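Novice: Below you will find the structure I want to go over with you.
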Amino acid sequence: MIALIAAFSKENRVIAKDSKIPWKIDGELERFKKLTTNNVVIMGRNTFEEIAKPLPDRINIVISRTKNFIQENLFTVLSFEQALSLAQSFNKDIFFIGGEEIFRKSLPLCEKLFITEIFDFYDGDKFFPVFDETKYTFKIEKTDKKNGYRYLTYTKKSI
């Protein structure tokens, strides 16, 4: 499976401000960890630098034209195409986890979109791209009104 997993402010689609996630919400990362553990995650350099280390129990692939990160379970590649090719060689589920450019490039390839909509408004400078929702079916997996978010799963319709 090729998928993306993202969280954004529902009102304005913000995913980051100054290369940082602008919220800390109890329980919001629970699904991220459950879905991506023992699989492959692909991210851009800014996303990796925000996380500051390879995610444990995952194969981490960072796309960067300016830096080469060398650590256990971490690969650095120069392009989106190289990242996808390397990820496919592991025969595991692939999750694109950010940032904005990575989401934009991966959307046409993704069979599933695991989205967390954050109910509160956040100011930011990086945004989740608008996509054609008519190409997908979606299901609300969970709504957490207390903490202000909901999990949505979009599945690409068969042609």
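Numbering starts fresh at 1 for the residues of each chain in the structure tokens, the chains themselves are lettered A, B, ... in the order given, and ligands are numbered from 1 as they appear.
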What's the 10 Å shell around Ile5 (chain A), counting only C-alpha atoms, without same-chain residues fewer than 6 positions away, as number ranges by chain?

Specialist: A: 31-32, 35-36, 41, 95-98, 103, 112-116, 153

Novice: For region 118-124 of chain A, work out the shell of residues within 9 Å, counting only C-alpha atoms and skipping chain neighbours fewer than 6 positions away, then give it as a list of chain:residue names.

Specialist: A:Ala7, A:Phe8, A:Ser9, A:Lys10, A:Glu11, A:Asn12, A:Arg13, A:Val14, A:Ile15, A:Ala16, A:Lys17, A:Asp18, A:Ile21, A:Pro22, A:Trp23, A:Glu28, A:Lys145, A:Asn147, A:Gly148, A:Tyr149, A:Arg150

Novice: Excluding Glu111 (chain A) and its own-chain neighbours fewer than 5 positions away, which residues fall within 12 Å of it when counting only C-alpha atoms? Please give them as a list in words.

Specialist: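 Counting only C-alpha atoms, the residues come to Met1, Ile2, Ala3, Leu4, Ile5, Asp93, Ile94, Phe95, Phe96, Ser106, Lys135, Tyr136, Thr137, Phe138, Thr153, Tyr154, Thr155, Lys156, Lys157 and Ser158 of chain A.
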
Novice: Considering only C-alpha atoms, state which residue in the set A:Phe127, A:Met43, A:Leu109, A:Asp132 is at the smallest distance from Ala83 (chain A).

Specialist: A:Met43

Novice: Which residues are near Gln71 (chain A)? Cut-off 10 Å, only C-alpha atoms, ignore same chain within fewer than 4 positions. Put them as a VMD selection string.

Specialist: chain A and resid 53 to 54 60 75 to 76

Novice: Just to be explicit: take each residue in the selection above, keep N, CA and C atoms, and write the result as an mmCIF file, in the first residue's frame.

Specialist:
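Now in again_21.cif:
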```cif
data_model
loop_
_atom_site.group_PDB
_atom_site.id
_atom_site.type_symbol
_atom_site.label_atom_id
_atom_site.label_comp_id
_atom_site.auth_asym_id
_atom_site.auth_seq_id
_atom_site.Cartn_x
_atom_site.Cartn_y
_atom_site.Cartn_z
ATOM 1 N N LYS A 53 15.219 12.837 14.744
ATOM 2 C CA LYS A 53 15.840 11.505 14.811
ATOM 3 C C LYS A 53 14.996 10.554 13.979
ATOM 4 N N PRO A 54 15.582 9.425 13.565
ATOM 5 C CA PRO A 54 14.759 8.450 12.845
ATOM 6 C C PRO A 54 13.644 7.927 13.744
ATOM 7 N N ASN A 60 13.186 4.780 7.696
ATOM 8 C CA ASN A 60 13.038 6.210 7.452
ATOM 9 C C ASN A 60 13.801 6.595 6.189
ATOM 10 N N PHE A 75 17.795 6.444 5.591
ATOM 11 C CA PHE A 75 18.393 6.572 4.272
ATOM 12 C C PHE A 75 18.124 7.979 3.766
ATOM 13 N N THR A 76 19.103 8.568 3.103
ATOM 14 C CA THR A 76 18.925 9.872 2.472
ATOM 15 C C THR A 76 19.026 9.685 0.968
#
```

Novice: How far is it from CA of Ser19 (chain A) to CA of Ile63 (chain A), in Å with one decimal?

Specialist: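 Between CA of Ser19 (chain A) and CA of Ile63 (chain A) the gap works out to 15.3 Å.
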
Novice: Would you list, as a ChimeraX atom specification, the residues of chain A that end up in helix (DSSP H, G or I) under DSSP run on this structure's backbone?

Specialist: /A:30-36,45-51,80-88,100-109,133-135

Novice: So which bits of region 15-120 of chain A end up strand (DSSP E or B) when you DSSP the backbone, as a PyMOL selection string?

Specialist: chain A and resi 15-17+20+40-44+59-63+71+74-77+94-98+112-118

Novice: Now that the selection is made, can you save its residues with N, CA, C and O atoms as a compact mmCIF listing (two decimals), in the first residue's frame?

Specialist:
```
# COMPACT_ATOMS: atom_id res chain seq x y z
N ILE A 15 -0.28 22.81 8.08
CA ILE A 15 0.44 21.64 8.61
C ILE A 15 1.66 22.06 9.43
O ILE A 15 2.14 21.26 10.23
N ALA A 16 2.15 23.29 9.21
CA ALA A 16 3.36 23.71 9.93
C ALA A 16 3.49 25.23 9.92
O ALA A 16 2.93 25.92 9.07
N LYS A 17 4.27 25.69 10.88
CA LYS A 17 4.68 27.10 10.92
C LYS A 17 6.15 27.11 11.31
O LYS A 17 6.54 26.50 12.31
N LYS A 20 7.66 23.74 12.01
CA LYS A 20 7.27 23.03 13.23
C LYS A 20 5.76 22.81 13.23
O LYS A 20 5.00 23.65 12.75
N VAL A 40 7.52 1.72 6.09
CA VAL A 40 8.45 2.72 5.56
C VAL A 40 7.80 4.10 5.63
O VAL A 40 6.63 4.24 5.24
N VAL A 41 8.55 5.08 6.12
CA VAL A 41 8.08 6.47 6.10
C VAL A 41 9.02 7.28 5.22
O VAL A 41 10.24 7.12 5.28
N ILE A 42 8.44 8.12 4.39
CA ILE A 42 9.20 9.01 3.50
C ILE A 42 8.85 10.44 3.89
O ILE A 42 7.68 10.80 4.03
N MET A 43 9.90 11.25 4.03
CA MET A 43 9.70 12.64 4.43
C MET A 43 10.74 13.55 3.79
O MET A 43 11.79 13.09 3.35
N GLY A 44 10.43 14.82 3.79
CA GLY A 44 11.39 15.81 3.35
C GLY A 44 12.36 16.17 4.48
O GLY A 44 12.16 15.79 5.64
N ILE A 59 11.46 2.09 8.74
CA ILE A 59 12.51 2.46 7.81
C ILE A 59 12.23 3.90 7.42
O ILE A 59 11.16 4.22 6.90
N ASN A 60 13.19 4.78 7.70
CA ASN A 60 13.04 6.21 7.45
C ASN A 60 13.80 6.60 6.19
O ASN A 60 14.99 6.30 6.07
N ILE A 61 13.11 7.26 5.27
CA ILE A 61 13.75 7.76 4.05
C ILE A 61 13.53 9.27 4.01
O ILE A 61 12.40 9.74 4.08
N VAL A 62 14.65 10.00 3.92
CA VAL A 62 14.61 11.46 3.87
C VAL A 62 15.04 11.91 2.49
O VAL A 62 16.06 11.46 1.96
N ILE A 63 14.26 12.80 1.90
CA ILE A 63 14.61 13.39 0.62
C ILE A 63 15.29 14.73 0.90
O ILE A 63 14.69 15.62 1.52
N GLN A 71 22.30 7.42 9.86
CA GLN A 71 21.98 6.80 11.14
C GLN A 71 21.35 5.45 10.85
O GLN A 71 20.97 5.16 9.71
N LEU A 74 17.92 4.76 8.62
CA LEU A 74 17.73 6.04 7.96
C LEU A 74 18.49 6.07 6.65
O LEU A 74 19.68 5.76 6.61
N PHE A 75 17.80 6.44 5.59
CA PHE A 75 18.39 6.57 4.27
C PHE A 75 18.12 7.98 3.77
O PHE A 75 17.03 8.51 3.96
N THR A 76 19.10 8.57 3.10
CA THR A 76 18.92 9.87 2.47
C THR A 76 19.03 9.69 0.97
O THR A 76 19.94 9.01 0.48
N VAL A 77 18.07 10.25 0.25
CA VAL A 77 18.06 10.19 -1.21
C VAL A 77 17.90 11.61 -1.75
O VAL A 77 17.49 12.53 -1.02
N ILE A 94 4.07 1.85 2.53
CA ILE A 94 4.80 3.10 2.39
C ILE A 94 3.89 4.24 2.82
O ILE A 94 2.75 4.35 2.34
N PHE A 95 4.41 5.10 3.71
CA PHE A 95 3.67 6.27 4.18
C PHE A 95 4.48 7.53 3.92
O PHE A 95 5.60 7.66 4.40
N PHE A 96 3.90 8.45 3.17
CA PHE A 96 4.49 9.78 3.01
C PHE A 96 4.01 10.60 4.21
O PHE A 96 2.81 10.66 4.48
N ILE A 97 4.96 11.23 4.93
CA ILE A 97 4.58 11.89 6.18
C ILE A 97 4.87 13.40 6.19
O ILE A 97 4.71 14.04 7.21
N GLY A 98 5.27 13.97 5.07
CA GLY A 98 5.45 15.41 5.01
C GLY A 98 6.78 15.82 4.45
O GLY A 98 7.65 14.99 4.26
N LYS A 112 -4.47 5.33 -0.19
CA LYS A 112 -5.18 5.75 1.03
C LYS A 112 -4.57 7.05 1.55
O LYS A 112 -3.36 7.28 1.44
N LEU A 113 -5.43 7.86 2.15
CA LEU A 113 -5.02 9.09 2.83
C LEU A 113 -5.54 8.98 4.26
O LEU A 113 -6.74 8.88 4.48
N PHE A 114 -4.62 8.98 5.21
CA PHE A 114 -4.99 8.94 6.62
C PHE A 114 -4.85 10.37 7.14
O PHE A 114 -3.74 10.85 7.33
N ILE A 115 -5.97 11.02 7.34
CA ILE A 115 -5.99 12.44 7.67
C ILE A 115 -6.49 12.65 9.09
O ILE A 115 -7.49 12.04 9.50
N THR A 116 -5.81 13.52 9.80
CA THR A 116 -6.32 14.02 11.08
C THR A 116 -6.69 15.47 10.87
O THR A 116 -5.83 16.30 10.54
N GLU A 117 -7.97 15.76 11.01
CA GLU A 117 -8.44 17.16 10.94
C GLU A 117 -8.43 17.74 12.35
O GLU A 117 -9.06 17.19 13.26
N ILE A 118 -7.69 18.82 12.50
CA ILE A 118 -7.61 19.53 13.77
C ILE A 118 -8.69 20.61 13.74
O ILE A 118 -8.74 21.42 12.81
```

Novice: With only C-alpha atoms as the counted atoms, please give the residues lying no more than 10 Å from Lys33 (chain A), apart from itself and same-chain residues fewer than 4 positions off, as a PyMOL selection string.

Specialist: chain A and resi 28-29+37-38+55-58
